[in-house]
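In what follows, a structure is listed as structure tokens, so that the remarks can point back to it.
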Amino acid sequence: MEAGTPELVKLEDLRVPGQLSGRKHILSILVENKPGVLARIAGLFSRRGFNIDTLAVGPTDDPSISRITLTLDGAVHPIDQVTKQLHKLVNVLKIRDMEPDETVAREMAMFKVSAAVENRAEIIQFAEIFRAKIIDVARRSMTIEVTGSAEKIEAFERMIRPHGLVEMVRTGEIAIARGND
Amino acid sequence: MESLKAEGVNHIFGIPGGANLPTYDALVDTDFHHIQVRHEQGGGHAAEGYAKASGRVGVAFATSGPGATNLVTAIADAMMDSVPTVFVTGQVRTELIGTDGFQEADILGATLPFVKHSLQVADPRQIPEYVHEAFHIASTGRPGPVLIDVPQDLSRADIDYAPRTDPVELGGYKPSVEGNIKQVRIAAKALANAKRPVFYTGGGVVNANASEELRELADCDPFPVTSTLMGLGAFPASHERWLGMLGMHGTRTANYAMDEADLIVAIGARFDDRITGKIAEFAPHAKFIHIDVDPAEISKNVAAHIPIVGDAKRVLPQLIREYRALQTDSSRLDAWWKQIHAWQKDYPLSYEPGKDGEIKPQLMIEAMHRATQGDAIITSDVGQHQMWAAQYYGFDKPRHWINSGGLGTMGFGLPAAIGAKVACPDETVVCLAGDGSLAMTCQELATCVTEEIPVKIFLMNNGYMGMVRQWQELFWDRRYSSVEMGPSPDWVKLAEAFGATGMRCEDAADVEETMVKALETDGPVLLDVRVSKEENCFPMIPAGAAARDMVG
């Protein structure tokens with residue numbers, strides 16, 4: 001390219017980036033801790049037809065700011081559009097679309113399993129394999145706490161389900177960026 | 001009140017009630033001009049008309065409960081059309097919130113989907129800060145409505161007011177106005193290479209007051225310009241390179257040009273379904289430069305090849321500079337203009353002239369243009385008359401065409417005209433009304449008379465909700481269902497009952513003359529023009545069809 005005669009852009013070379021990433025996304029959103037913020041976010045998702053897979057809300061080290069961690073399916077939703085819409089909410093301070101390779105994500109779940117005496121040993125063995133904790137034992141059931149990635153929790157669920165799953169409670173994932181040193 | 005004054009507010013539209021009694025009591029001691037409307041929806045639309053005509057923030061007050069819910073339509077309308085407005089609602093006393101108290105409605109909750117932002121006062125000392133925040137948010141970036149809900153007990157508290165000196169800083173709200181220069185350069189270079197470019201402009205150009213910049217850019221080389229309904233007037237309709245409006249009731253030339261364009265430069269427009277029709281077949285040969293102050297509009301409906309986030313007022317001069325720095329050859333557009341001129345010759349806007357004095361609606365618009373010398377602020381309701389005005393009036397100036405585009409609110413025209421006239425008292429303000437629409441807000445005639453606001457209402461009366469009738473005729477086998485307006489009311493008598501002047505016109509030969517007479521008559525006038533009953537608005541892209549499949 002010579003000075004004074006800049007090359008023009010050929011229209012046929014122009015491309016648009018793909019809208020759908022095809023993978024799960026974890027959005028970590030810092031919001032002002034003010035009344036109605038969660039309603040604004042939930043309302044935005046429902047009226048734009050975005051489907052939240054999991055949602056976790058909690059405080060941060062700054063009491064005026066809360067963190068909302070939500071996961072959604074990038075095969076169905078254009079994540080870029082989702083984050084741009086979220087940014088329009090005045091109470092939303094910062095959004096981070098967590099990079100899978102640079103993120104540690106964890107979820108906690110509690111499983112209440114029907115556990116007759118003859119099954120207990122096997123259930124305890126599963127729990128050990130998954131580094132889960134038995135947090136309650138009753139005559140006919142046991143409650144097990146599992147922490148890990150969503151995939152690990154789902155794998156544990158598959159193992160334990162044949163024993164009779166009474167109830168399951170999951171928190172939804174939270175995530176933090178890996179240290180970059 | 002002090003904070004409102006500090007924001008430069010002169011006019012407020014509204015109605016008092018129980019929960020905002022303290023606010024109205026405080027009004028007595030101020031020199032605000034409060035316009036007492038007859039229905040809160042009217043106050044809301046008047047605030048919108050005020051904002052659209054002047055570019056200043058429009059303000060409306062309402063009380064709690066039904067007063068607030070009556071505002072909802074206007075708030076939603078202001079959101080869809082990006083109108084800078086601040087709505088202040090009364091709320092029941094703090095201790096009654098959540099108890100289903102008398103005239104309690106969760107207006108904050110109800111309006112969450114269509115406010116730019118909303119605030120509920122929890123401490124009277126927040127009031128000044130919230131007012132300044134509200135005006136800042138409403139008027140910057142992509143403008144929009146902000147609601148402040150004030151519980152009755154907090155609005156009567158006495159607080160110290162210190163004038164604000166520092167600008168509003170909000171962590172979560174920092175609109176970008178300047179375009180990314182690298183992107184602007186790519187855009188200029190792509191534009192310089194385009195052989196079939198079209199500028200597709202929208203209400204964002206009007207909001208940004210960027211009409212002159214648009215014209216300058218379009219003159220860099222002979223670029224054709226079309227616009228959405230909301231953008232009319234930003235580029236003069238009398239300009240030789242104006243293609244007419246595009247979209248569902250746009251000109252064939254504009255729509256065919258979009259259909260065959262190789263590069264579309266969208267400026268402050270949002271690729272609404274009324275523009276794109278069937279989105280899969282929209283502008284199939286085109287690459288898109290999309291300039292918008294709202295990043296979320298870019299690639300929302302149509303993916304942009306060159307996105308530029310910024311205010312048109314800032315980005316267009318950047319683009320002009322970069323484009324002029326290139327050596328461009330305007331003869332590359334010759335073949336394109338030959339094609340466009342051929343379309344213009346083959347498909348002009350046209351209609352069958354009426355027989356025996358029948359007033360064709362299109363003729364009424366042409367007469368309105370002559371009677372007002374094309375120079376009035378025209379507000380409009382929603383329906384056929386709105387589309388005919390968009391097609392036939394020929395707007396040459398921005399902020400002279402005020403209508404409800406996104407939400408399509410029937411009844412918008414009269415209250416919006418009140419707001420426009422209050423904002424621009426020296427301009428002629430005409431409300432082009434439909435008989436279906438005017439029935440929805442005609443009580444505001446009382447406001448016109450009582451507050452001495454001399455708007456002229458030109459009623460296009462065809463005895464139908466005409467656009468719905470047209471759809472029933474074309475797409476529902478002419479099975480007319482609840483679209484006929486019947487003989488009521490007698491509009492002339494109704495105007496007179498309100499204390500306005502009523503006039504009627506039933507002969508094509510008299511239309512222009514009667515309009516001139518109405519414009520010369522002092523005070524508010526309602527002119528009932530009896531037009532053809534079953535005229536259809538053409539051309540038209542049927543809903544969900546592609547531009548090249550226009551009918552009529």
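Chain labels follow the order of the structure tokens: the first chain is A, the next B, and so on; residue numbering restarts at 1 in every chain, and ligands are counted from 1 in their shown order.
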- Task: Identify, on the basis of only C-alpha atoms, every residue whose closest approach to B:Lys300 does not exceed 12 Å; exclude the query and any residue fewer than 4 positions from it along the same chain; express the result as a list in words.
- Result: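 Here the qualifying residues turn out to be Gln19, Arg48, His77, Pro78, Ile79, Asp80, Gln81, Val82, Thr83, Lys84 and Gln85 of chain A; Ala269, Arg270, Phe271, Asp272, Asp273, Ile279, His290, Asp292, Asp294, Pro295, Ala296, Ala304 and Pro307 of chain B.
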- Message: Excluding stretch 113-125 of chain A and its own-chain neighbours fewer than 3 positions away, which residues fall within 6 Å of it when counting only C-alpha atoms? Please give them as a ChimeraX atom specification.
- Response: /A:128,140-142,164-166
Counting only C-alpha atoms, which residues of chain B sit at most 7 Å from some atom of chain A, and what is each one's closest atom pair with its distance in Å to one decimal, listed by chain and rising residue number, as a tab-separated table?
residue	atom	partner	partner_atom	distance
B:Leu112	CA	A:Arg40	CA	6.6
B:Pro113	CA	A:Gly43	CA	6.8
B:His117	CA	A:Val90	CA	6.7
B:Gly171	CA	A:Leu93	CA	6.0
B:Gly172	CA	A:Leu93	CA	4.2
B:Tyr173	CA	A:Val90	CA	5.4
B:Ile186	CA	A:Val9	CA	6.7
B:Lys189	CA	A:Leu8	CA	4.6
B:Ala190	CA	A:Val9	CA	4.6
B:Ala192	CA	A:Leu8	CA	6.7
B:Asn193	CA	A:Leu8	CA	6.2
B:Lys287	CA	A:Leu11	CA	6.9
B:Pro295	CA	A:Lys84	CA	6.5
B:Ala296	CA	A:Lys84	CA	4.9
B:Lys300	CA	A:Gln81	CA	6.5
B:Ala303	CA	A:Val16	CA	6.5
B:Ala304	CA	A:Val16	CA	6.4
B:His305	CA	A:Val16	CA	5.0
B:Leu326	CA	A:Pro6	CA	6.7
- Task: Could you find all residues in stretch 297-332 of chain B that DSSP calls alpha helix (DSSP H) from the backbone, and write them as an NGL selection string?
- Result: :B and (312-324)
Residues from the last selection, N, CA and C atoms, saved as an mmCIF file, in the first residue's frame:
data_model
loop_
_atom_site.group_PDB
_atom_site.id
_atom_site.type_symbol
_atom_site.label_atom_id
_atom_site.label_comp_id
_atom_site.auth_asym_id
_atom_site.auth_seq_id
_atom_site.Cartn_x
_atom_site.Cartn_y
_atom_site.Cartn_z
ATOM 1 N N ALA B 312 -24.213 9.233 15.800
ATOM 2 C CA ALA B 312 -24.110 9.634 14.394
ATOM 3 C C ALA B 312 -23.472 11.020 14.254
ATOM 4 N N LYS B 313 -23.744 11.873 15.206
ATOM 5 C CA LYS B 313 -23.198 13.238 15.170
ATOM 6 C C LYS B 313 -21.668 13.221 15.201
ATOM 7 N N ARG B 314 -21.089 12.223 15.846
ATOM 8 C CA ARG B 314 -19.634 12.116 15.932
ATOM 9 C C ARG B 314 -19.081 11.230 14.825
ATOM 10 N N VAL B 315 -19.787 10.128 14.549
ATOM 11 C CA VAL B 315 -19.238 9.141 13.618
ATOM 12 C C VAL B 315 -19.288 9.659 12.178
ATOM 13 N N LEU B 316 -20.365 10.332 11.798
ATOM 14 C CA LEU B 316 -20.473 10.755 10.405
ATOM 15 C C LEU B 316 -19.348 11.708 10.002
ATOM 16 N N PRO B 317 -19.005 12.714 10.809
ATOM 17 C CA PRO B 317 -17.857 13.546 10.427
ATOM 18 C C PRO B 317 -16.556 12.740 10.311
ATOM 19 N N GLN B 318 -16.396 11.732 11.189
ATOM 20 C CA GLN B 318 -15.209 10.871 11.079
ATOM 21 C C GLN B 318 -15.204 10.164 9.724
ATOM 22 N N LEU B 319 -16.371 9.641 9.367
ATOM 23 C CA LEU B 319 -16.488 8.889 8.119
ATOM 24 C C LEU B 319 -16.282 9.814 6.912
ATOM 25 N N ILE B 320 -16.807 11.023 7.010
ATOM 26 C CA ILE B 320 -16.641 11.999 5.917
ATOM 27 C C ILE B 320 -15.146 12.282 5.715
ATOM 28 N N ARG B 321 -14.443 12.524 6.812
ATOM 29 C CA ARG B 321 -13.003 12.807 6.716
ATOM 30 C C ARG B 321 -12.254 11.651 6.076
ATOM 31 N N GLU B 322 -12.538 10.445 6.548
ATOM 32 C CA GLU B 322 -11.819 9.280 6.036
ATOM 33 C C GLU B 322 -12.166 9.023 4.575
ATOM 34 N N TYR B 323 -13.418 9.251 4.230
ATOM 35 C CA TYR B 323 -13.837 8.998 2.856
ATOM 36 C C TYR B 323 -13.194 10.000 1.906
ATOM 37 N N ARG B 324 -13.147 11.243 2.344
ATOM 38 C CA ARG B 324 -12.578 12.292 1.479
ATOM 39 C C ARG B 324 -11.082 12.094 1.276
#
Residue neighbourhood stretch 357-363 of chain B, 7 Å, only C-alpha atoms, exclusion window fewer than 4 positions, as a PDB file with C-alpha atoms, in the first residue's frame:
ATOM      1  CA  PRO B 353     -57.942  10.357  -8.714  1.00  0.00           C
ATOM      2  CA  ALA B 367     -53.339  19.460   0.112  1.00  0.00           C
ATOM      3  CA  TRP B 388     -49.925   8.140   3.467  1.00  0.00           C
ATOM      4  CA  TYR B 392     -46.886  11.928   0.268  1.00  0.00           C
ATOM      5  CA  ASP B 507     -65.452  17.912  -1.427  1.00  0.00           C
ATOM      6  CA  ALA B 508     -62.024  17.446  -2.971  1.00  0.00           C
ATOM      7  CA  ALA B 509     -62.197  20.930  -4.444  1.00  0.00           C
ATOM      8  CA  ARG B 530     -64.428  12.906   4.837  1.00  0.00           C
ATOM      9  CA  VAL B 531     -62.191  10.797   2.635  1.00  0.00           C
ATOM     10  CA  SER B 532     -62.787   7.690   0.510  1.00  0.00           C
TER      11      SER B 532
END
- Item | Polymer residues at most 7 Å from stretch 396-404 of chain B, only C-alpha atoms, same-chain spacing of 4 or more positions, as a ChimeraX atom specification | /B:49,52-53,77,206,232-238,376-382,408-409,412-413
Residue set, stretch 212-315 of chain B restricted to strand (DSSP E or B), as a PDB file with C-alpha atoms, in the first residue's frame:
ATOM      1  CA  VAL B 225     -30.609   7.755   0.634  1.00  0.00           C
ATOM      2  CA  THR B 226     -33.691   6.063   2.026  1.00  0.00           C
ATOM      3  CA  SER B 227     -35.014   6.208   5.552  1.00  0.00           C
ATOM      4  CA  TRP B 242     -33.914  10.815  -1.938  1.00  0.00           C
ATOM      5  CA  LEU B 243     -35.485   7.439  -2.735  1.00  0.00           C
ATOM      6  CA  GLY B 244     -38.495   7.771  -0.456  1.00  0.00           C
ATOM      7  CA  MET B 245     -39.198   5.753   2.662  1.00  0.00           C
ATOM      8  CA  LEU B 263     -23.386  -2.218   0.404  1.00  0.00           C
ATOM      9  CA  ILE B 264     -25.930  -0.864   2.867  1.00  0.00           C
ATOM     10  CA  VAL B 265     -24.898   1.849   5.292  1.00  0.00           C
ATOM     11  CA  ALA B 266     -27.344   1.685   8.201  1.00  0.00           C
ATOM     12  CA  ILE B 267     -27.218   4.780  10.392  1.00  0.00           C
ATOM     13  CA  LYS B 287     -22.727  -6.214   2.992  1.00  0.00           C
ATOM     14  CA  PHE B 288     -23.641  -4.034   5.966  1.00  0.00           C
ATOM     15  CA  ILE B 289     -22.005  -1.110   7.699  1.00  0.00           C
ATOM     16  CA  HIS B 290     -24.023  -0.520  10.853  1.00  0.00           C
ATOM     17  CA  ILE B 291     -23.579   2.710  12.796  1.00  0.00           C
ATOM     18  CA  ASP B 292     -25.537   2.911  16.039  1.00  0.00           C
ATOM     19  CA  ILE B 306     -18.546  -3.429   9.706  1.00  0.00           C
ATOM     20  CA  PRO B 307     -20.052  -2.489  13.079  1.00  0.00           C
ATOM     21  CA  ILE B 308     -19.427   1.029  14.380  1.00  0.00           C
ATOM     22  CA  VAL B 309     -20.702   1.931  17.836  1.00  0.00           C
TER      23      VAL B 309
END
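For the pair atom CA of B:Lys421 and atom CA of B:Thr447, the interatomic distance is 12.3 Å.
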- Query: What is the distance between atom CA of A:Ile153 and atom CA of A:Ile65, in Å to one decimal?
  - Reply: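 Computing it gives 29.1 Å between the two atoms.
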- Which residues, written as a ChimeraX atom specification, have at least one atom at most 12 Å from A:Ser149, with only C-alpha atoms counted and residues fewer than 4 positions away on the same chain left out? /A:100,103-109,130,153-156,170-175
Could you write out the selected residues, including C-alpha atoms, as a compact mmCIF listing (two decimals), in the first residue's frame?
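Okay, again23.txt is ready:
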# COMPACT_ATOMS: atom_id res chain seq x y z
CA PRO A 100 -13.22 -22.30 29.56
CA THR A 103 -11.52 -20.78 34.41
CA VAL A 104 -12.12 -22.91 37.43
CA ALA A 105 -15.85 -23.61 37.78
CA ARG A 106 -17.50 -25.41 40.65
CA GLU A 107 -20.97 -26.37 41.66
CA MET A 108 -22.28 -27.97 44.80
CA ALA A 109 -25.07 -30.51 44.95
CA PHE A 130 -16.19 -38.80 43.76
CA ILE A 153 -22.10 -33.77 39.47
CA GLU A 154 -24.03 -35.17 36.54
CA ALA A 155 -21.78 -38.24 36.49
CA PHE A 156 -22.39 -38.81 40.19
CA ARG A 170 -27.92 -28.06 42.99
CA THR A 171 -26.52 -24.57 43.46
CA GLY A 172 -25.66 -23.72 39.88
CA GLU A 173 -22.08 -23.12 38.89
CA ILE A 174 -19.81 -20.39 40.17
CA ALA A 175 -16.53 -19.65 38.48
- Message: Need the shell around B:Trp471: protein/DNA/RNA residues with any atom at most 12 Å away, counting only C-alpha atoms. Skip same-chain ones fewer than 2 positions apart. Format as a VMD selection string?
- Response: chain B and resid 383 to 384 465 to 469 473 to 481 483 534 to 538 540 to 543
- Query: Hey, what's within 9 Å of B:Pro539 if we count only C-alpha atoms and toss same-chain stuff fewer than 2 positions away? As a ChimeraX atom specification, please?
  - Reply: /B:248-252,349,536-537,541,550-552
- Which value, in Å to one decimal, gives the distance between atom CA of B:Gly44 and atom CA of B:Gly436?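 Straight-line distance from atom CA of B:Gly44 to atom CA of B:Gly436 works out to 19.7 Å.
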